[in-house]
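These notes are about the structure you will find just below.
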Amino acid sequence: MTTKVEDQEAAGKKDFIDTLKLMEGELGDKPYFGGETLGYVDVALLPYCCWFYTYENILNFSLEADCPKLNAYCKRCLQKESVSKSLEDPKKIYDFALKLRKKLGVE
């Protein structure tokens, strides 16, 4: 509680990117976490893919630069009609997050 807000934000960003890199390591060179076909882990993770745009803008990082395999994975999954039709537009989520941050006084 005694650290500066900037230091907390930097640590949070680093922890978040480290977590994404850990997931990227588990993905490896496979098209999906379970191998060649979409599976349970993918279904659990995919709703977060549409939040990555928000995370990138708020935390000021690039998923494509920091985690290129995870970025390609999200794009590959979103090409599936069953996935793209079931997820919200990332820009709508970003707008929602900005409104929520403003309401909570976290700008």
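Quick note on naming: the chains in the structure tokens go A, B, ... in the order shown, residues restart at 1 in each chain, and ligands are numbered from 1 in order of appearance.
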
>> Using only C-alpha atoms, which protein or nucleic acid residues come within 9 Å of Cys74 of chain A? Drop anything in the same chain fewer than 6 positions from it, and give the result as JSON, numbers by chain.
In response: {"A": [46, 49, 50]}

>> To test your reading of the structure, identify every residue in chain A that backbone DSSP assigns to alpha helix (DSSP H), and report it as a ChimeraX atom specification.
In response: /A:5-27,40-49,52-59,63-66,68-78,81-84,90-104

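Non-sequential neighbours of Phe33 of chain A (distance at most 12 Å, separation of 5 or more positions within a chain, only C-alpha atoms) are A:Met23, A:Glu24, A:Gly25, A:Glu26, A:Leu27, A:Gly28, A:Leu38, A:Gly39, A:Tyr40, A:Val41, A:Asp42, A:Val43, A:Ala44, A:Leu45, A:Leu46, A:Lys69, A:Leu70, A:Tyr73, A:Cys74, A:Cys77.
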
Residues from the last selection, N, CA and C atoms, saved as a PDB file, in the first residue's frame:
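part_20.pdb was written with the following content:
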ATOM      1  N   MET A  23       0.680 -18.810 -20.893  1.00  0.00           N
ATOM      2  CA  MET A  23      -0.342 -19.463 -21.715  1.00  0.00           C
ATOM      3  C   MET A  23       0.185 -19.727 -23.120  1.00  0.00           C
ATOM      4  N   GLU A  24       0.923 -18.766 -23.656  1.00  0.00           N
ATOM      5  CA  GLU A  24       1.493 -18.926 -24.989  1.00  0.00           C
ATOM      6  C   GLU A  24       2.468 -20.111 -25.015  1.00  0.00           C
ATOM      7  N   GLY A  25       3.223 -20.281 -23.947  1.00  0.00           N
ATOM      8  CA  GLY A  25       4.135 -21.414 -23.854  1.00  0.00           C
ATOM      9  C   GLY A  25       3.393 -22.740 -23.850  1.00  0.00           C
ATOM     10  N   GLU A  26       2.246 -22.776 -23.167  1.00  0.00           N
ATOM     11  CA  GLU A  26       1.431 -23.995 -23.147  1.00  0.00           C
ATOM     12  C   GLU A  26       0.823 -24.270 -24.514  1.00  0.00           C
ATOM     13  N   LEU A  27       0.477 -23.225 -25.236  1.00  0.00           N
ATOM     14  CA  LEU A  27      -0.062 -23.380 -26.588  1.00  0.00           C
ATOM     15  C   LEU A  27       1.004 -23.949 -27.525  1.00  0.00           C
ATOM     16  N   GLY A  28       2.226 -23.450 -27.378  1.00  0.00           N
ATOM     17  CA  GLY A  28       3.319 -23.920 -28.229  1.00  0.00           C
ATOM     18  C   GLY A  28       3.041 -23.667 -29.702  1.00  0.00           C
ATOM     19  N   LEU A  38     -10.462 -27.572 -31.715  1.00  0.00           N
ATOM     20  CA  LEU A  38     -10.934 -26.709 -30.634  1.00  0.00           C
ATOM     21  C   LEU A  38     -11.442 -27.583 -29.493  1.00  0.00           C
ATOM     22  N   GLY A  39     -11.019 -27.281 -28.264  1.00  0.00           N
ATOM     23  CA  GLY A  39     -11.402 -28.105 -27.121  1.00  0.00           C
ATOM     24  C   GLY A  39     -11.871 -27.282 -25.932  1.00  0.00           C
ATOM     25  N   TYR A  40     -11.962 -27.951 -24.790  1.00  0.00           N
ATOM     26  CA  TYR A  40     -12.483 -27.315 -23.575  1.00  0.00           C
ATOM     27  C   TYR A  40     -11.658 -26.115 -23.122  1.00  0.00           C
ATOM     28  N   VAL A  41     -10.346 -26.234 -23.156  1.00  0.00           N
ATOM     29  CA  VAL A  41      -9.497 -25.116 -22.724  1.00  0.00           C
ATOM     30  C   VAL A  41      -9.714 -23.920 -23.632  1.00  0.00           C
ATOM     31  N   ASP A  42      -9.839 -24.173 -24.920  1.00  0.00           N
ATOM     32  CA  ASP A  42     -10.089 -23.088 -25.869  1.00  0.00           C
ATOM     33  C   ASP A  42     -11.420 -22.405 -25.568  1.00  0.00           C
ATOM     34  N   VAL A  43     -12.437 -23.193 -25.325  1.00  0.00           N
ATOM     35  CA  VAL A  43     -13.765 -22.642 -25.039  1.00  0.00           C
ATOM     36  C   VAL A  43     -13.722 -21.785 -23.767  1.00  0.00           C
ATOM     37  N   ALA A  44     -12.921 -22.208 -22.793  1.00  0.00           N
ATOM     38  CA  ALA A  44     -12.800 -21.436 -21.548  1.00  0.00           C
ATOM     39  C   ALA A  44     -12.016 -20.139 -21.758  1.00  0.00           C
ATOM     40  N   LEU A  45     -11.018 -20.158 -22.632  1.00  0.00           N
ATOM     41  CA  LEU A  45     -10.171 -18.993 -22.843  1.00  0.00           C
ATOM     42  C   LEU A  45     -10.748 -17.985 -23.831  1.00  0.00           C
ATOM     43  N   LEU A  46     -11.458 -18.443 -24.814  1.00  0.00           N
ATOM     44  CA  LEU A  46     -11.878 -17.568 -25.918  1.00  0.00           C
ATOM     45  C   LEU A  46     -12.660 -16.318 -25.500  1.00  0.00           C
ATOM     46  N   LYS A  69       2.252 -15.684 -30.750  1.00  0.00           N
ATOM     47  CA  LYS A  69       1.550 -16.957 -30.949  1.00  0.00           C
ATOM     48  C   LYS A  69       0.148 -16.905 -30.353  1.00  0.00           C
ATOM     49  N   LEU A  70       0.000 -16.267 -29.204  1.00  0.00           N
ATOM     50  CA  LEU A  70      -1.314 -16.133 -28.586  1.00  0.00           C
ATOM     51  C   LEU A  70      -2.198 -15.212 -29.420  1.00  0.00           C
ATOM     52  N   TYR A  73      -3.324 -17.190 -32.356  1.00  0.00           N
ATOM     53  CA  TYR A  73      -4.326 -18.146 -31.873  1.00  0.00           C
ATOM     54  C   TYR A  73      -5.702 -17.475 -31.796  1.00  0.00           C
ATOM     55  N   CYS A  74      -5.761 -16.297 -31.197  1.00  0.00           N
ATOM     56  CA  CYS A  74      -7.045 -15.587 -31.073  1.00  0.00           C
ATOM     57  C   CYS A  74      -7.624 -15.284 -32.452  1.00  0.00           C
ATOM     58  N   CYS A  77      -8.959 -18.509 -34.015  1.00  0.00           N
ATOM     59  CA  CYS A  77     -10.224 -18.934 -33.404  1.00  0.00           C
ATOM     60  C   CYS A  77     -11.380 -18.044 -33.843  1.00  0.00           C
TER      61      CYS A  77
END

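Residue nearest Lys30 of chain A within the list A:Lys99, A:Arg76, A:Lys85, A:Lys91: A:Arg76 [criterion: smallest interatomic distance, only C-alpha atoms].
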
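Rounded to one decimal, atom CA of Asp66 of chain A and atom CA of Leu22 of chain A lie 11.6 Å from each other.
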